[in-house]
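Presented below is the structure to which this report refers.
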Amino acid sequence: MSEKMILIPGRSAKQGTSLNIGKLKDEFKIVTSTLEINTDEMAKRGLVDGDKVRLSNEIGETIVTCLGKKPEDLPNGILFIPYGPPSSELMDSDTAGSGMPLSKHMEVEIEKIST
């Protein structure tokens with residue numbers, strides 16, 4: 001079962017430091033493919049840290065790994081992922097003249113991947 005949530009890609013300290021090491025290094029790949037999700041939302045979906053989920057929207061889809069965050073740190077209905085190749089799979093090429101693809105408040109479907 002998939003359900004829609006709001007995804008907010010953004011910068012993080014770990015994303016920035018791993019970027020300095022190199023985009024092709026494992027550290028950057030791991031950081032940018034880790035989805036932060038409220039632990040209450042995880043429990044509703046039967047997810048635990050390390051589970052894989054598919055995020056999809058009208059632009060594309062990507063598979064990422066879940067990491068739980070306390071409800072006071074990440075509100076219900078909101079997902080966070082550091083900028084990187086996985087988040088780019090969900091962004092339209094339209095930049096609204098800013099040079100940066102529109103990436104805030106993207107509505108995505110989230111679905112647990114069975115392994």
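Ordering of the structure tokens sets the chain letters (A, B, ...); residue numbers start at 1 within each chain; ligands are numbered from 1 in the order shown.
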> Could you name the residues that touch Glu36 (chain A) at 6 Å or less, counting only C-alpha atoms, but leaving out those on the same chain fewer than 4 positions away, as a VMD selection string?
Replying inline: chain A and resid 67 to 68 79 to 80
Residues of the last selection are to be written out with C-alpha atoms, as a short mmCIF file (atom, residue, chain, number, x, y, z; two decimals), in the first residue's frame.
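What follows is the written file out.cif:
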data_model
loop_
_atom_site.label_atom_id
_atom_site.label_comp_id
_atom_site.auth_asym_id
_atom_site.auth_seq_id
_atom_site.Cartn_x
_atom_site.Cartn_y
_atom_site.Cartn_z
CA LEU A 67 15.83 6.41 9.26
CA GLY A 68 13.43 7.29 12.08
CA LEU A 79 9.80 13.41 4.87
CA PHE A 80 13.35 14.78 4.61
#
>> Please return, as a ChimeraX atom specification, all residues of region 13-90 of chain A that DSSP assigns to helix (DSSP H, G or I) on the basis of the backbone.
In response: /A:13-21,26-32,39-45,85-88
>> Just checking: using only C-alpha atoms, which residue out of A:Thr65, A:Leu47, A:Pro82, A:Lys4 ends up closest to Phe28 (chain A)?
In response: A:Pro82
>> Please determine, counting only C-alpha atoms, which residue among A:Met91, A:Met106, A:Ile30, A:Val48 has the shortest atom-to-atom distance to Ile8 (chain A).
In response: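 Under the stated criterion, the closest residue is A:Met106.
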> Which distance in Å separates CA of Lys70 (chain A) and CA of Lys25 (chain A), to one decimal?
Replying inline: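 The value is 28.7 Å.
With only C-alpha atoms as the atoms that count, the minimum distance from Pro75 (chain A) to the choices A:Ile6, A:Val53, A:Ile63, A:Ile113 is reached by A:Ile6.
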> Pick the closest to Gly60 (chain A) from A:Thr39, A:Ser114, A:Ser87, A:Asn76: which is it, counting only C-alpha atoms?
Replying inline: A:Ser87
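For the choices A:Pro85, A:Ile110, A:Leu74, A:Lys69, the atom-to-atom distance to Lys29 (chain A) is smallest for A:Pro85 when using only C-alpha atoms.
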> Between CA of Asn57 (chain A) and CA of Ala43 (chain A), what is the spacing in Å?
Replying inline: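 Those two atoms sit 22.8 Å apart.
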> Taking into account only C-alpha atoms, which residue in the set A:Glu72, A:Asp26, A:Glu3, A:Glu89 is nearest to Val108 (chain A)?
Replying inline: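 Looking at the shortest contact to Val108 (chain A), the residue is A:Glu3.
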> Between CA of Gly46 (chain A) and CA of Gly77 (chain A), what is the distance, to one decimal in Å?
Replying inline: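 Answer for the CA of Gly46 (chain A) to CA of Gly77 (chain A) separation: 15.3 Å.
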